[in-house]
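Participant: Sharing model33.cif here; it has mmCIF, C-alpha atoms and all ligand atoms.
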data_query
#
loop_
_atom_site.label_atom_id
_atom_site.label_comp_id
_atom_site.auth_asym_id
_atom_site.auth_seq_id
_atom_site.Cartn_x
_atom_site.Cartn_y
_atom_site.Cartn_z
CA VAL Q 20 -11.22 -19.77 41.28
CA SER Q 21 -9.26 -21.23 38.41
CA ALA Q 22 -9.36 -19.06 35.37
CA SER Q 23 -7.80 -20.62 32.30
CA PRO Q 24 -5.00 -18.99 30.37
CA ALA Q 25 -6.17 -17.58 27.04
CA PRO Q 26 -5.00 -19.56 24.04
CA ALA Q 27 -2.12 -17.96 22.17
CA ASP Q 28 -2.85 -15.86 19.09
CA GLU Q 29 -1.35 -18.04 16.39
CA ARG Q 30 -1.79 -15.66 13.49
CA GLN Q 31 1.21 -14.53 11.50
CA VAL Q 32 3.19 -11.64 12.96
CA VAL Q 33 4.02 -8.61 10.81
CA SER Q 34 6.82 -6.50 12.28
CA PHE Q 35 6.98 -2.73 11.91
CA GLY Q 36 9.55 0.01 12.37
CA MET Q 37 8.60 3.68 12.33
CA LEU Q 38 10.15 7.05 11.54
CA GLY Q 39 8.47 9.89 13.45
CA TYR Q 40 6.48 9.99 16.66
CA GLY Q 41 4.40 13.15 16.28
CA PHE Q 42 0.75 13.44 15.29
CA MET Q 43 0.94 10.71 12.69
CA GLY Q 44 3.25 8.57 14.82
CA LYS Q 45 0.48 8.46 17.39
CA THR Q 46 -2.13 7.80 14.69
CA HIS Q 47 -0.26 4.92 13.04
CA SER Q 48 0.86 3.40 16.37
CA ASN Q 49 -2.80 3.44 17.46
CA ALA Q 50 -3.78 1.73 14.20
CA LEU Q 51 -1.12 -0.96 14.47
CA LYS Q 52 -2.13 -1.78 18.05
CA THR Q 53 -5.87 -1.77 17.32
CA LEU Q 54 -6.13 -3.62 14.03
CA PRO Q 55 -5.18 -7.13 15.24
CA TYR Q 56 -8.15 -7.40 17.61
CA ILE Q 57 -10.71 -5.49 15.53
CA PHE Q 58 -9.95 -7.36 12.32
CA TRP Q 59 -10.35 -10.75 13.97
CA PRO Q 60 -9.61 -13.35 12.74
CA GLY Q 61 -8.31 -11.50 9.65
CA ALA Q 62 -5.20 -9.39 9.38
CA ALA Q 63 -2.33 -10.50 11.57
CA GLN Q 64 -0.62 -9.79 14.79
CA THR Q 65 1.46 -6.66 14.57
CA ARG Q 66 4.78 -6.27 16.31
CA LEU Q 67 5.92 -2.73 17.00
CA VAL Q 68 9.70 -3.23 16.97
CA THR Q 69 11.51 0.12 16.76
CA ILE Q 70 10.44 3.75 16.59
CA SER Q 71 12.88 6.45 15.48
CA GLY Q 72 12.98 10.21 15.84
CA ARG Q 73 15.45 13.00 16.31
CA THR Q 74 15.11 13.88 19.97
CA GLU Q 75 16.14 11.05 22.28
CA SER Q 76 14.03 12.00 25.30
CA SER Q 77 10.90 12.39 23.16
CA VAL Q 78 11.34 9.24 21.10
CA ARG Q 79 12.09 7.31 24.29
CA GLU Q 80 8.83 8.53 25.82
CA ALA Q 81 6.93 7.78 22.60
CA ALA Q 82 8.26 4.20 22.59
CA THR Q 83 6.91 3.64 26.11
CA ARG Q 84 3.64 5.44 25.52
CA TYR Q 85 2.80 3.76 22.21
CA GLY Q 86 4.19 0.34 23.05
CA TRP Q 87 7.29 0.05 20.84
CA GLU Q 88 9.94 -2.45 21.95
CA LYS Q 89 12.91 -0.20 21.11
CA TYR Q 90 13.70 3.38 20.15
CA THR Q 91 16.54 5.06 18.28
CA THR Q 92 17.54 8.52 17.08
CA GLU Q 93 18.82 7.06 13.80
CA TRP Q 94 16.25 5.92 11.22
CA ARG Q 95 18.93 3.80 9.54
CA ASP Q 96 18.75 1.47 12.56
CA VAL Q 97 15.18 0.72 11.50
CA VAL Q 98 16.00 0.32 7.82
CA ASN Q 99 18.91 -2.02 8.59
CA ASP Q 100 17.13 -4.23 11.11
CA PRO Q 101 16.44 -7.67 9.57
CA ASP Q 102 13.72 -8.23 12.18
CA ILE Q 103 11.60 -5.46 10.66
CA GLN Q 104 9.40 -6.23 7.65
CA VAL Q 105 7.64 -2.88 7.20
CA PHE Q 106 9.10 0.64 7.34
CA ASP Q 107 6.34 3.09 8.27
CA ASN Q 108 7.42 6.65 7.49
CA VAL Q 109 5.36 9.21 9.42
CA GLY Q 110 8.06 11.85 9.46
CA PRO Q 111 7.65 15.32 8.00
CA ASP Q 112 7.46 15.78 4.23
CA ASP Q 113 11.17 16.44 3.78
CA ALA Q 114 12.01 13.15 5.55
CA HIS Q 115 9.89 11.00 3.21
CA PHE Q 116 12.07 10.42 0.19
CA GLU Q 117 15.52 9.35 1.39
CA PRO Q 118 14.51 7.04 4.25
CA THR Q 119 11.66 5.44 2.27
CA LEU Q 120 13.96 4.80 -0.70
CA ALA Q 121 16.59 3.32 1.63
CA ALA Q 122 13.95 1.04 3.17
CA ILE Q 123 12.77 -0.14 -0.25
CA GLN Q 124 16.37 -0.83 -1.26
CA ALA Q 125 16.80 -2.83 1.96
CA GLY Q 126 13.85 -5.00 0.87
CA LYS Q 127 11.29 -3.64 3.35
CA HIS Q 128 7.64 -3.16 2.53
CA VAL Q 129 6.93 0.57 2.95
CA VAL Q 130 4.17 2.79 4.24
CA CYS Q 131 4.73 6.51 3.66
CA GLU Q 132 2.68 9.51 4.65
CA LYS Q 133 1.59 11.95 1.98
CA PRO Q 134 2.89 13.66 -0.02
CA LEU Q 135 5.63 11.17 -0.93
CA GLY Q 136 7.70 14.04 -2.35
CA ASP Q 137 7.75 16.02 -5.56
CA TYR Q 138 6.89 14.22 -8.81
CA ALA Q 139 10.46 13.12 -9.57
CA GLN Q 140 10.98 11.73 -6.07
CA SER Q 141 7.58 10.03 -5.93
CA ALA Q 142 8.10 8.42 -9.33
CA GLN Q 143 11.53 7.20 -8.19
CA LEU Q 144 9.96 5.61 -5.09
CA ALA Q 145 7.31 3.92 -7.25
CA GLU Q 146 9.95 2.57 -9.65
CA ALA Q 147 12.22 1.38 -6.84
CA ALA Q 148 9.33 -0.37 -5.08
CA ALA Q 149 8.29 -2.11 -8.31
CA ALA Q 150 11.87 -3.20 -8.97
CA ALA Q 151 12.29 -4.49 -5.40
CA GLY Q 152 8.90 -6.23 -5.44
CA VAL Q 153 7.88 -4.76 -2.09
CA LEU Q 154 4.42 -3.65 -1.03
CA ASN Q 155 4.09 0.10 -0.92
CA LEU Q 156 1.38 2.34 0.48
CA ALA Q 157 0.92 6.09 0.08
CA CYS Q 158 -1.22 7.23 3.01
CA PHE Q 159 -4.26 8.68 1.32
CA ASN Q 160 -6.34 7.43 4.22
CA TYR Q 161 -9.65 9.00 3.16
CA ARG Q 162 -10.08 6.13 0.67
CA PHE Q 163 -10.76 4.09 3.82
CA VAL Q 164 -13.67 6.15 5.16
CA PRO Q 165 -16.77 3.96 4.61
CA ALA Q 166 -18.82 6.80 3.05
CA VAL Q 167 -15.99 7.56 0.61
CA ARG Q 168 -15.66 3.89 -0.29
CA LEU Q 169 -19.41 3.62 -0.81
CA ALA Q 170 -19.37 6.64 -3.15
CA HIS Q 171 -16.44 5.10 -5.02
CA ASP Q 172 -18.27 1.81 -5.44
CA MET Q 173 -21.47 3.56 -6.56
CA ILE Q 174 -19.57 5.53 -9.21
CA ALA Q 175 -17.61 2.48 -10.36
CA SER Q 176 -20.79 0.41 -10.74
CA GLY Q 177 -22.45 3.12 -12.84
CA GLU Q 178 -25.03 4.11 -10.25
CA LEU Q 179 -24.39 7.81 -10.91
CA GLY Q 180 -24.23 7.27 -14.69
CA ASP Q 181 -21.79 9.36 -16.71
CA ILE Q 182 -19.92 11.78 -14.48
CA TYR Q 183 -20.37 15.36 -15.66
CA SER Q 184 -18.91 17.52 -12.93
CA ALA Q 185 -16.91 17.12 -9.73
CA ASN Q 186 -15.68 19.63 -7.18
CA PHE Q 187 -13.08 18.84 -4.53
CA ARG Q 188 -12.03 21.34 -1.88
CA TYR Q 189 -9.91 20.83 1.21
CA ALA Q 190 -10.16 23.81 3.58
CA GLN Q 191 -8.50 24.47 6.93
CA GLU Q 192 -8.04 27.70 8.86
CA TRP Q 193 -4.76 27.39 10.75
CA HIS Q 194 -2.58 29.35 8.36
CA THR Q 195 -4.59 32.47 9.21
CA ASP Q 196 -2.66 32.42 12.50
CA PRO Q 197 0.26 34.80 11.80
CA THR Q 198 2.52 32.87 14.18
CA ALA Q 199 1.94 29.49 12.48
CA GLU Q 200 5.19 27.83 11.48
CA PHE Q 201 5.05 26.44 8.01
CA GLY Q 202 7.84 24.05 7.11
CA ASN Q 203 6.40 22.74 3.88
CA LYS Q 204 7.65 24.27 0.68
CA THR Q 205 4.44 24.20 -1.33
CA GLY Q 206 1.95 24.77 1.49
CA ALA Q 207 -1.73 24.10 0.89
CA LEU Q 208 -1.11 22.18 -2.32
CA ASP Q 209 0.98 19.48 -0.59
CA VAL Q 210 -0.34 19.59 2.96
CA ILE Q 211 -4.02 19.13 2.11
CA GLY Q 212 -4.31 19.58 -1.67
CA SER Q 213 -2.62 16.19 -2.13
CA HIS Q 214 -5.63 14.57 -0.41
CA ALA Q 215 -8.04 16.49 -2.68
CA ILE Q 216 -6.11 15.35 -5.76
CA ASP Q 217 -6.13 11.73 -4.62
CA ALA Q 218 -9.87 11.94 -3.92
CA ALA Q 219 -10.39 13.29 -7.44
CA ARG Q 220 -8.34 10.50 -9.02
CA TYR Q 221 -9.90 7.81 -6.82
CA LEU Q 222 -13.50 8.86 -7.39
CA VAL Q 223 -13.55 10.38 -10.88
CA GLY Q 224 -10.39 9.17 -12.64
CA GLU Q 225 -7.23 10.53 -14.20
CA VAL Q 226 -6.90 14.28 -14.56
CA GLU Q 227 -5.79 15.20 -18.09
CA THR Q 228 -5.45 18.99 -18.02
CA VAL Q 229 -5.44 21.73 -15.41
CA SER Q 230 -5.48 25.49 -15.24
CA ALA Q 231 -4.92 27.14 -11.89
CA LEU Q 232 -4.63 30.22 -9.72
CA ILE Q 233 -2.50 30.42 -6.59
CA THR Q 234 -2.98 33.23 -4.10
CA ASN Q 235 -0.82 33.97 -1.09
CA PRO Q 236 -2.31 36.86 0.86
CA LEU Q 237 -0.65 35.72 4.07
CA THR Q 238 2.63 34.18 2.98
CA SER Q 239 4.68 37.25 2.18
CA PRO Q 240 8.15 37.34 3.83
CA PRO Q 241 9.21 36.42 6.43
CA ARG Q 242 6.75 33.56 6.22
CA GLY Q 243 8.19 32.54 2.89
CA GLU Q 244 6.83 30.79 -0.15
CA PRO Q 245 4.13 28.35 0.98
CA ILE Q 246 0.81 28.46 -0.80
CA ASP Q 247 -2.20 29.73 1.14
CA THR Q 248 -4.81 28.94 -1.49
CA VAL Q 249 -4.84 27.05 -4.77
CA ASP Q 250 -7.80 26.71 -7.12
CA ALA Q 251 -7.53 24.50 -10.17
CA LEU Q 252 -9.91 23.71 -12.99
CA ALA Q 253 -9.58 20.07 -13.94
CA GLN Q 254 -10.57 18.10 -17.02
CA TYR Q 255 -10.73 14.33 -16.60
CA ALA Q 256 -9.94 11.56 -19.07
CA GLY Q 257 -13.57 10.39 -18.82
CA GLY Q 258 -14.88 13.79 -19.95
CA ALA Q 259 -15.93 15.27 -16.59
CA THR Q 260 -14.76 18.71 -15.56
CA GLY Q 261 -14.60 20.42 -12.19
CA THR Q 262 -12.43 22.05 -9.57
CA ILE Q 263 -9.71 20.93 -7.21
CA SER Q 264 -8.96 23.47 -4.48
CA ALA Q 265 -7.08 23.72 -1.22
CA THR Q 266 -6.86 26.55 1.24
CA LEU Q 267 -5.32 26.98 4.66
CA ILE Q 268 -6.93 30.37 5.25
CA ALA Q 269 -10.63 29.49 5.57
CA PRO Q 270 -11.71 30.75 9.00
CA GLY Q 271 -14.14 28.34 10.61
CA ARG Q 272 -13.15 25.42 8.39
CA LYS Q 273 -11.41 23.14 10.86
CA ASN Q 274 -10.76 20.16 8.62
CA ARG Q 275 -13.14 20.21 5.72
CA LEU Q 276 -12.28 17.98 2.82
CA GLY Q 277 -15.50 18.16 0.86
CA TRP Q 278 -16.61 17.05 -2.56
CA GLU Q 279 -19.66 16.84 -4.79
CA ILE Q 280 -19.93 14.65 -7.86
CA ASN Q 281 -22.74 15.00 -10.40
CA GLY Q 282 -23.60 12.35 -12.97
CA SER Q 283 -26.33 11.61 -15.48
CA LYS Q 284 -28.23 9.44 -12.99
CA GLY Q 285 -27.60 11.34 -9.76
CA SER Q 286 -25.21 13.10 -7.45
CA VAL Q 287 -23.28 12.48 -4.23
CA TYR Q 288 -21.66 14.86 -1.78
CA TRP Q 289 -19.66 14.34 1.39
CA ASP Q 290 -17.39 16.16 3.80
CA LEU Q 291 -14.86 15.08 6.38
CA GLU Q 292 -16.34 17.13 9.22
CA ASN Q 293 -19.41 14.86 9.00
CA LEU Q 294 -17.62 11.80 7.74
CA ASN Q 295 -20.19 9.08 8.37
CA VAL Q 296 -22.80 10.68 6.12
CA LEU Q 297 -23.01 10.38 2.35
CA HIS Q 298 -25.62 12.54 0.64
CA HIS Q 299 -27.13 10.92 -2.43
CA HIS Q 300 -29.63 12.18 -4.95
CA LYS Q 301 -31.05 9.66 -7.39
CA ARG Q 302 -32.79 11.06 -10.48
CA ALA Q 303 -36.18 9.44 -10.61
CA GLY Q 304 -38.50 12.16 -11.83
CA ALA Q 305 -40.69 11.85 -8.76
CA ALA Q 306 -42.16 14.89 -7.00
CA THR Q 307 -40.61 13.66 -3.75
CA GLU Q 308 -37.08 13.27 -5.02
CA GLY Q 309 -34.21 15.11 -3.40
CA PHE Q 310 -30.99 14.45 -1.56
CA MET Q 311 -31.07 11.78 1.11
CA GLU Q 312 -28.64 11.25 3.95
CA ILE Q 313 -27.11 7.81 4.23
CA ILE Q 314 -25.42 7.08 7.56
CA VAL Q 315 -22.72 4.83 6.15
CA ASN Q 316 -22.32 2.84 9.33
CA GLU Q 317 -24.21 -0.42 8.79
CA GLU Q 318 -22.73 -3.88 8.63
CA HIS Q 319 -23.60 -4.15 4.93
CA HIS Q 320 -21.63 -1.00 4.11
CA PRO Q 321 -18.03 -1.26 2.96
CA LEU Q 322 -15.37 -1.33 5.72
CA VAL Q 323 -17.91 -1.24 8.57
CA ALA Q 324 -18.48 -4.92 9.48
CA PRO Q 325 -15.46 -5.34 11.80
CA TRP Q 326 -16.53 -2.28 13.84
CA TRP Q 327 -19.54 -1.44 16.00
CA PRO Q 328 -23.25 -2.24 15.61
CA SER Q 329 -25.60 -0.08 13.52
CA ALA Q 330 -24.60 3.62 13.44
CA HIS Q 331 -22.36 3.45 16.48
CA ILE Q 332 -20.27 5.79 14.42
CA LEU Q 333 -16.67 5.84 13.27
CA GLY Q 334 -14.13 8.65 13.44
CA TRP Q 335 -11.11 9.96 11.57
CA GLU Q 336 -8.69 7.49 13.15
CA HIS Q 337 -10.67 4.54 11.77
CA SER Q 338 -9.64 5.47 8.24
CA HIS Q 339 -6.01 4.92 9.25
CA ILE Q 340 -6.82 1.67 11.08
CA ASN Q 341 -8.77 0.37 8.06
CA MET Q 342 -5.93 1.38 5.74
CA LEU Q 343 -3.20 -0.29 7.79
CA ALA Q 344 -5.33 -3.42 8.28
CA HIS Q 345 -5.67 -3.63 4.49
CA PHE Q 346 -1.90 -3.24 4.19
CA THR Q 347 -1.17 -5.86 6.85
CA ASP Q 348 -3.58 -8.28 5.16
CA ALA Q 349 -1.69 -7.79 1.91
CA VAL Q 350 1.63 -8.59 3.62
CA VAL Q 351 0.20 -11.79 5.08
CA ALA Q 352 -1.44 -12.80 1.80
CA GLY Q 353 1.78 -12.17 -0.15
CA SER Q 354 -0.13 -9.83 -2.48
CA SER Q 355 1.76 -7.96 -5.16
CA THR Q 356 -0.02 -4.65 -4.48
CA VAL Q 357 -2.29 -2.88 -2.00
CA GLY Q 358 -4.14 -1.24 -4.90
CA PRO Q 359 -6.60 -0.45 -6.23
CA GLU Q 360 -8.32 0.06 -2.87
CA ALA Q 361 -5.29 1.68 -1.25
CA ALA Q 362 -3.01 4.22 -2.88
CA THR Q 363 0.40 2.90 -3.88
CA CYS Q 364 3.58 4.88 -4.49
CA ALA Q 365 2.48 4.97 -8.15
CA ASP Q 366 -0.71 6.73 -7.00
CA GLY Q 367 1.42 9.04 -4.85
CA ALA Q 368 3.45 9.84 -7.96
CA ALA Q 369 0.33 10.39 -10.05
CA ALA Q 370 -1.00 12.82 -7.43
CA ALA Q 371 2.36 14.63 -7.32
CA ARG Q 372 2.25 14.90 -11.12
CA VAL Q 373 -1.13 16.62 -11.01
CA ALA Q 374 0.21 18.94 -8.28
CA GLU Q 375 3.22 19.79 -10.44
CA ALA Q 376 0.92 20.49 -13.41
CA ILE Q 377 -1.14 22.81 -11.18
CA LEU Q 378 2.02 24.70 -10.15
CA ARG Q 379 3.06 25.08 -13.80
CA ALA Q 380 -0.42 26.16 -14.83
CA ALA Q 381 -0.54 28.79 -12.11
CA ALA Q 382 2.93 30.08 -12.99
CA SER Q 383 2.26 30.28 -16.74
CA GLY Q 384 -1.40 31.22 -16.76
CA GLU Q 385 -1.79 28.45 -19.37
CA ARG Q 386 -3.75 25.23 -19.33
CA VAL Q 387 -1.30 22.36 -18.75
CA GLU Q 388 -1.49 18.72 -19.85
CA VAL Q 389 -0.64 16.55 -16.85
CA SER Q 390 1.18 14.15 -19.21
CA SER Q 391 3.57 16.98 -20.13
CA VAL Q 392 5.07 16.74 -16.62
CA VAL Q 393 7.96 14.30 -16.98
N1 LIG D 401 -2.86 11.33 6.22
C1 LIG D 401 -3.18 12.18 7.17
O1 LIG D 401 -4.30 12.16 7.68
C2 LIG D 401 -2.15 13.16 7.69
C3 LIG D 401 -2.47 14.09 8.68
C4 LIG D 401 -1.45 14.93 9.16
C5 LIG D 401 -0.18 14.83 8.66
N2 LIG D 401 0.09 13.94 7.68
C6 LIG D 401 1.45 13.80 7.12
O2 LIG D 401 2.19 13.05 8.08
C7 LIG D 401 3.54 13.52 8.12
C8 LIG D 401 3.92 13.82 9.54
O3 LIG D 401 3.08 14.88 10.00
P1 LIG D 401 2.85 15.12 11.56
O4 LIG D 401 1.71 16.05 11.64
O5 LIG D 401 2.82 13.82 12.28
O6 LIG D 401 4.18 15.88 11.94
P2 LIG D 401 4.82 16.07 13.39
O7 LIG D 401 5.65 17.29 13.28
O8 LIG D 401 3.76 15.95 14.44
O9 LIG D 401 5.75 14.79 13.52
C9 LIG D 401 6.89 14.59 12.71
C10 LIG D 401 7.81 13.60 13.42
O10 LIG D 401 8.97 13.33 12.61
C11 LIG D 401 10.14 13.44 13.43
N3 LIG D 401 11.26 13.81 12.57
C12 LIG D 401 11.46 14.99 11.95
N4 LIG D 401 12.60 14.94 11.20
C13 LIG D 401 13.10 13.70 11.37
C14 LIG D 401 14.25 13.03 10.87
N5 LIG D 401 15.10 13.63 10.04
N6 LIG D 401 14.47 11.76 11.25
C15 LIG D 401 13.60 11.13 12.09
N7 LIG D 401 12.49 11.71 12.58
C16 LIG D 401 12.24 12.97 12.23
C17 LIG D 401 9.78 14.49 14.44
O11 LIG D 401 10.61 14.39 15.57
C18 LIG D 401 8.32 14.12 14.75
O12 LIG D 401 8.27 13.03 15.64
C19 LIG D 401 3.62 14.71 7.17
O13 LIG D 401 4.19 14.28 5.96
C20 LIG D 401 2.18 15.12 6.94
O14 LIG D 401 1.96 15.62 5.64
C21 LIG D 401 -0.86 13.11 7.21
#
Please express what this file holds, its structure, as structure tokens.
Ligand SMILES: NC(=O)c1ccc[n+]([C@@H]2O[C@H](COP(=O)([O-])OP(=O)(O)OC[C@H]3O[C@@H](n4cnc5c(N)ncnc54)[C@H](O)[C@@H]3O)[C@@H](O)[C@H]2O)c1
Facilitator:
Amino acid sequence: VSASPAPADERQVVSFGMLGYGFMGKTHSNALKTLPYIFWPGAAQTRLVTISGRTESSVREAATRYGWEKYTTEWRDVVNDPDIQVFDNVGPDDAHFEPTLAAIQAGKHVVCEKPLGDYAQSAQLAEAAAAAGVLNLACFNYRFVPAVRLAHDMIASGELGDIYSANFRYAQEWHTDPTAEFGNKTGALDVIGSHAIDAARYLVGEVETVSALITNPLTSPPRGEPIDTVDALAQYAGGATGTISATLIAPGRKNRLGWEINGSKGSVYWDLENLNVLHHHKRAGAATEGFMEIIVNEEHHPLVAPWWPSAHILGWEHSHINMLAHFTDAVVAGSSTVGPEAATCADGAAAARVAEAILRAAASGERVEVSSVV
């Protein structure tokens, strides 16, 4: 038997360094390892150079498990390594700003999990990235679910007509557990509300004003300040109105980002717990009209072609793989931005601005112009 050696992969190599090796470290490592062979012959080869984290034994194990060449307990080793082109920050929220800014200032392209920080920090990251001319990605990965992209494209092409009303709600249940640790200062608004805000901006457009209520039935001391539930009324620049909500105390809701958008020509609704399906109603005046279920998993659907044959179904992790493939493509192409498909740091800042307006509206009981947040 004389099997031949496979020819070398001659595509460009994009080299990554990472901060964090937890849930999202696993998710992004999986994406970086998967995308080169799924997005064939597009994208690039990815090189997983160095992963960083605080606990040596754990980061060492993560490096072996996820296939990183090196590990370190000091994220500055990643930022200062000239071999690394992209700094991928999957650390906790309070480790987003300083390391990502340092990476931008060192000339790295950056990927940063959401939320980037508060509005001031996020805006500073966006400005620094623009000044440095580096690619920058805020990880609003749900833009890369095929059904979400299809809805976006339908709205953008006018298929739903004028948008009248839109409701976005991200609901999880885990904060109902009285022993749950909750490190994030603003709770539901940042942890999951940031995704709902980005979905609202991505699908409907800029939010101009908000009024809001925040309720914290379960966050009294000693659990501290974090928000259990936030409900905002939003008015969009295009004239639509609707709600943006997030709650961590919805028993039975495991991971339900859901939205419904109603326009003059029809409606769409979707939720993350059934992420391949987009429900669409087209106004036609026929006796048989009603909502139909589109399994957004055909080759002709956006983002699906590199994956499996007809309706062999994608999962949550594919949104991250699609997103990081888009980013890697942009690095190889020398693009100036990963937008408008992906969220940039400017989008991260815009989402943080809406979140800040929601906080102010809830505190004052007044309706707040998002542009008043400076
Ligand atoms: N986009 C999404 O789908 C999604 C889903 C979950 C979480 N997130 C976001 O991802 C981020 C990480 O969340 P997670 O669930 O992976 O958290 P996690 O707690 O599982 O992991 C955090 C990692 O960061 C490391 N770390 C903490 N402080 C550090 C420091 N100072 N220096 C270096 N490493 C440090 C920890 O050791 C751990 O490896 C959060 O910002 C969260 O909001 C995004």
Participant: One decimal, in Å: what's the spacing between atom CA of Ala362 of chain Q and atom CA of His345 of chain Q?
Facilitator: 11.1 Å
Participant: Looking at all atoms listed in the file, which of Q:Met173, Q:Val393, Q:Ala166, Q:Ala269 is the one that sits closest to Ile313 of chain Q?
Facilitator: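 Using all atoms listed in the file, the shortest distance to Ile313 of chain Q belongs to Q:Ala166.
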Participant: Figure out the distance between atom CA of Gly285 of chain Q and atom CA of Thr307 of chain Q, please, to one decimal in Å.
Facilitator: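 So the answer is 14.5 Å.
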Participant: So how many Å separate atom CA of Lys301 of chain Q and atom CA of Glu279 of chain Q, to one decimal?
Facilitator: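 Here the two named atoms are 13.7 Å from each other.
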Participant: Could you pull out the residues sitting within 8 Å of ligand LIG 401 (chain D), using only C-alpha atoms and all ligand atoms, and write them as a VMD selection string?
Facilitator: chain Q and resid 38 to 45 71 to 74 77 to 78 92 to 94 108 to 115 132 to 135 158 to 161 209 to 211 214 339
Participant: Determine, counting only C-alpha atoms, which protein, DNA and RNA residues have an atom within 8 Å of an atom of Gly258 of chain Q; residues of the same chain fewer than 2 positions away are not included. Present the result as a list in words.
Facilitator: Ile182, Tyr183, Gln254, Tyr255, Ala256 and Thr260 of chain Q
Participant: Q:Val105, Q:Leu232, Q:Val387, Q:Leu322: which is nearest Met342 of chain Q, counting all atoms listed in the file?
Facilitator: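 Closest to Met342 of chain Q, using all atoms listed in the file: Q:Leu322.
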Participant: Which one of Q:Val296, Q:Val287, Q:Val98, Q:Leu237 sits closest to Gly180 of chain Q if you count only C-alpha atoms?
Facilitator: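 For Gly180 of chain Q, the nearest of the candidates is Q:Val287.
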Participant: When you count all atoms listed in the file, which of these residues is closest to Phe163 of chain Q: Q:Val68, Q:Val33, Q:Ala218, Q:Leu51?
Facilitator: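 Among the listed residues, the smallest separation from Phe163 of chain Q belongs to Q:Ala218.
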Participant: Identify, on the basis of all atoms listed in the file, every residue whose closest approach to segment 357-361 of chain Q does not exceed 7 Å; exclude the query and any residue fewer than 6 positions from it along the same chain; express the result as an NGL selection string.
Facilitator: :Q and (154 or 156 or 162 or 346 or 349)
Participant: What's around segment 219-226 of chain Q at 9 Å? Count all atoms listed in the file, leave out sequence neighbours fewer than 6 positions away in its own chain, and write the answer as a ChimeraX atom specification.
Facilitator: /Q:162,167-168,170-172,174-175,182,185-187,253-257,259,263,278,280,359-360,362,366,369-370,373,388-389
Participant: If we count all atoms listed in the file, what is near segment 144-148 of chain Q at a cut-off of 7 Å, once residues fewer than 6 positions away on the same chain are taken out, given as a ChimeraX atom specification?
Facilitator: /Q:120,123,155,364-365
Participant: Identify which of the residues Q:His128, Q:Ala82, Q:Thr347, Q:Met37 lies closest to Ala149 of chain Q, counting all atoms listed in the file when measuring atom-to-atom distances.
Facilitator: Q:His128
Participant: Rank Q:Asp250, Q:Glu312, Q:Glu227, Q:Asp137 by their smallest atom-to-atom distance to Ser390 of chain Q, using all atoms listed in the file, and report the top residue only.
Facilitator: Q:Glu227
Participant: Excluding Leu343 of chain Q and its own-chain neighbours fewer than 6 positions away, which residues fall within 8 Å of it when counting only C-alpha atoms? Please give them as a ChimeraX atom specification.
Facilitator: /Q:47,50-51,54
